[in-house]
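**Q** Take a look at this one; I'll ask things after.
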Amino acid sequence: MASPVPHTFPSRSEPAGTSPGGCPAALGTRAPLDLLDLFGDGFVRDPYPWLGRLQAEAPVHYDSGTGLWLVSRYDDVRRVLLAPSVFRPDNALHAVAPLSVGALRILARANFTLPSALANNGTASHPGLRRVVTRFFNAERVAAAVPVIQRVAEDLLDTVCSEIDATGRCELFSSFAQVLPCRVLMELLGIEGVAPATLIRWSDASLELFWGRPSPDRQLELAELVGEFHQWLTRTVRGAAPSTSFIGALAPHRLPDGEPLDVGTAVAACFFVFIAGQSTTGQLIATALRRALIEPGLWQHLPRRTGLAEAWVEEMLRREPPVTTWRRVTVRSTELGGVHIPADAQLLLMLLGSGSDPEIFPHPERMRLDRANVRHHLAFGVGRHRCPGASLARTEAAVALRVAAGRLPGVRLEEGVTEPPMLGLLSFRAPLDVTVSR
């Protein structure tokens, strides 16, 4: 009989001697909050000391480097998400860094626009558009997608196993974690005529351009890719799509005034769904894989112990969600966490911090598979803008983890390598390398 799997795994990201919030006491004397750099390597690699400081000392903190108000405590983040009349989503998809004139010209030539559709929509048209999306990610469709997810996972792992047999190693982010959700999404939404690698490249470019801090030269490269993506989406939306496909379901949709859905808004909805449905899930899978491989007594039990993969994914969503922050803007001056915030203030909701709030999740640095309130995390948001693909993302990550552990029982993270490169955008964080060897 297999030995029982421990219910608690201490996090390897915090050094010994950290407080329950994960914040070394020494940080308080060395690093004023004004030195916080949300794009800096130190924060990207280990954000928890900073998050602990924010929650303890300045739960609503103005960050002069970005012009954003950082909201880090669970209760405050949840309050904002549940009050859309005060905290609107209008800025959710705005570029974080100012775009250069050259990048703007490239986007203009591609007729790139992102009118209010889903994540950035606080108008009366949002509920109807959201219903179209949720029909494609309801419980029945997710259950029916499990065989698809398993088939795609097995197919990708055939190639992974062949590479390991030939070379003794394989990188799982680019060969498995990133590709699986893209291929699954393409099948579920009826996307044809484009290669998965192209969709991934377009999606990654969109994330970096709008949530990163790219140089002017890099902005030009990214803008070209984003423009290509938008033009492809526009052609696809205007084309003849099967009624059973996602784009086909958008075609007959009517706005609240009875007018048909315009092409621009349909393209904006597709832009968000295609990125959220593949990139963030791939990031979740990569994080869950990497952390599972280093937790003693976990990897070998994942294929056999019922519910273990699901429990691990849920704790990963709480502690290390792929979507680390999200933005809101105040409609009027208000008070939050005892701090006065003016009208039109740009808020950054620290979803990553909310899942590590010790007031809600005792000993948040520990990966507890029996955490009773784990589903209270805010990784998918809450309220009217809660992620409609949450169930699919959870299922894809759990299936990917279970199948990978079953097919690769003897692998381990490659030894003797430095910490992996990290995706360190304002709202997205994940390891970009999960190299395993035998």
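If you're wondering about the labels, chains in the structure tokens are A, B, ... by order shown, residues count from 1 in each chain, ligands from 1 in order shown.
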With a distance cut-off of 9 Å and only C-alpha atoms, select the neighbouring residues of A:Phe137, excluding the residue or stretch itself and same-chain residues fewer than 6 positions from it, and output the selection as JSON, numbers by chain.

**A** {"A": [388, 389, 390, 391, 392]}

**Q** What does the file look like for those residues with all heavy atoms, as a PDB file, in the first residue's frame?

**A**
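Once written, out04.pdb looks like this:
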```
ATOM      1  N   PRO A 388     -15.538  33.310 -16.291  1.00  0.00           N
ATOM      2  CA  PRO A 388     -16.500  32.282 -16.700  1.00  0.00           C
ATOM      3  C   PRO A 388     -15.836  30.962 -17.053  1.00  0.00           C
ATOM      4  O   PRO A 388     -16.498  29.938 -17.140  1.00  0.00           O
ATOM      5  CB  PRO A 388     -17.183  32.897 -17.933  1.00  0.00           C
ATOM      6  CG  PRO A 388     -16.181  33.855 -18.476  1.00  0.00           C
ATOM      7  CD  PRO A 388     -15.448  34.406 -17.285  1.00  0.00           C
ATOM      8  N   GLY A 389     -14.517  30.972 -17.251  1.00  0.00           N
ATOM      9  CA  GLY A 389     -13.805  29.748 -17.588  1.00  0.00           C
ATOM     10  C   GLY A 389     -13.133  29.091 -16.401  1.00  0.00           C
ATOM     11  O   GLY A 389     -12.275  28.204 -16.585  1.00  0.00           O
ATOM     12  N   ALA A 390     -13.521  29.463 -15.176  1.00  0.00           N
ATOM     13  CA  ALA A 390     -12.856  28.948 -13.977  1.00  0.00           C
ATOM     14  C   ALA A 390     -12.908  27.428 -13.897  1.00  0.00           C
ATOM     15  O   ALA A 390     -11.909  26.758 -13.622  1.00  0.00           O
ATOM     16  CB  ALA A 390     -13.476  29.567 -12.728  1.00  0.00           C
ATOM     17  N   SER A 391     -14.074  26.853 -14.141  1.00  0.00           N
ATOM     18  CA  SER A 391     -14.221  25.401 -14.025  1.00  0.00           C
ATOM     19  C   SER A 391     -13.364  24.673 -15.055  1.00  0.00           C
ATOM     20  O   SER A 391     -12.725  23.655 -14.754  1.00  0.00           O
ATOM     21  CB  SER A 391     -15.690  25.009 -14.192  1.00  0.00           C
ATOM     22  OG  SER A 391     -15.853  23.608 -14.076  1.00  0.00           O
ATOM     23  N   LEU A 392     -13.320  25.190 -16.278  1.00  0.00           N
ATOM     24  CA  LEU A 392     -12.498  24.565 -17.308  1.00  0.00           C
ATOM     25  C   LEU A 392     -11.021  24.656 -16.944  1.00  0.00           C
ATOM     26  O   LEU A 392     -10.278  23.681 -17.103  1.00  0.00           O
ATOM     27  CB  LEU A 392     -12.740  25.228 -18.659  1.00  0.00           C
ATOM     28  CG  LEU A 392     -11.907  24.680 -19.822  1.00  0.00           C
ATOM     29  CD1 LEU A 392     -12.215  23.216 -20.066  1.00  0.00           C
ATOM     30  CD2 LEU A 392     -12.137  25.501 -21.094  1.00  0.00           C
TER      31      LEU A 392
END
```

**Q** Rounded to one decimal place, report the atom CA of A:Ile294-atom CA of A:Phe380 distance in Å.

**A**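 A separation of 25.5 Å between them.
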
**Q** Would you mind listing what lies within 10 Å of A:Ala197 as a PyMOL selection string, with only C-alpha atoms counted and same-chain residues fewer than 2 positions away left out?

**A** chain A and resi 174+178-179+182-183+194-195+199-203

**Q** Quick one: DSSP helix (DSSP H, G or I) residues in stretch 281-346 of chain A, as a list of chain:residue names?

**A**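 Selection result, helix (DSSP H, G or I) within stretch 281-346 of chain A: A:Thr281, A:Gly282, A:Gln283, A:Leu284, A:Ile285, A:Ala286, A:Thr287, A:Ala288, A:Leu289, A:Arg290, A:Arg291, A:Ala292, A:Leu293, A:Ile294, A:Trp299, A:Gln300, A:His301, A:Leu308, A:Ala309, A:Glu310, A:Ala311, A:Trp312, A:Val313, A:Glu314, A:Glu315, A:Met316, A:Leu317, A:Arg318, A:Arg319.
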
**Q** Using only C-alpha atoms, find the one residue out of A:Gly277, A:Pro260, A:Pro84, A:Gly239 that sits nearest to A:Gly122.

**A**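 The shortest atom-to-atom distance to A:Gly122 comes from A:Pro84.
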
**Q** Counting only C-alpha atoms, what is within 12 Å of A:Ala405, bar same-chain residues fewer than 3 positions away, as a count of residues only?

**A** 30

**Q** Quick one, how far is atom CA of A:Gln346 from atom CA of A:Arg45?

**A**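 These two atoms are separated by 24.8 Å.
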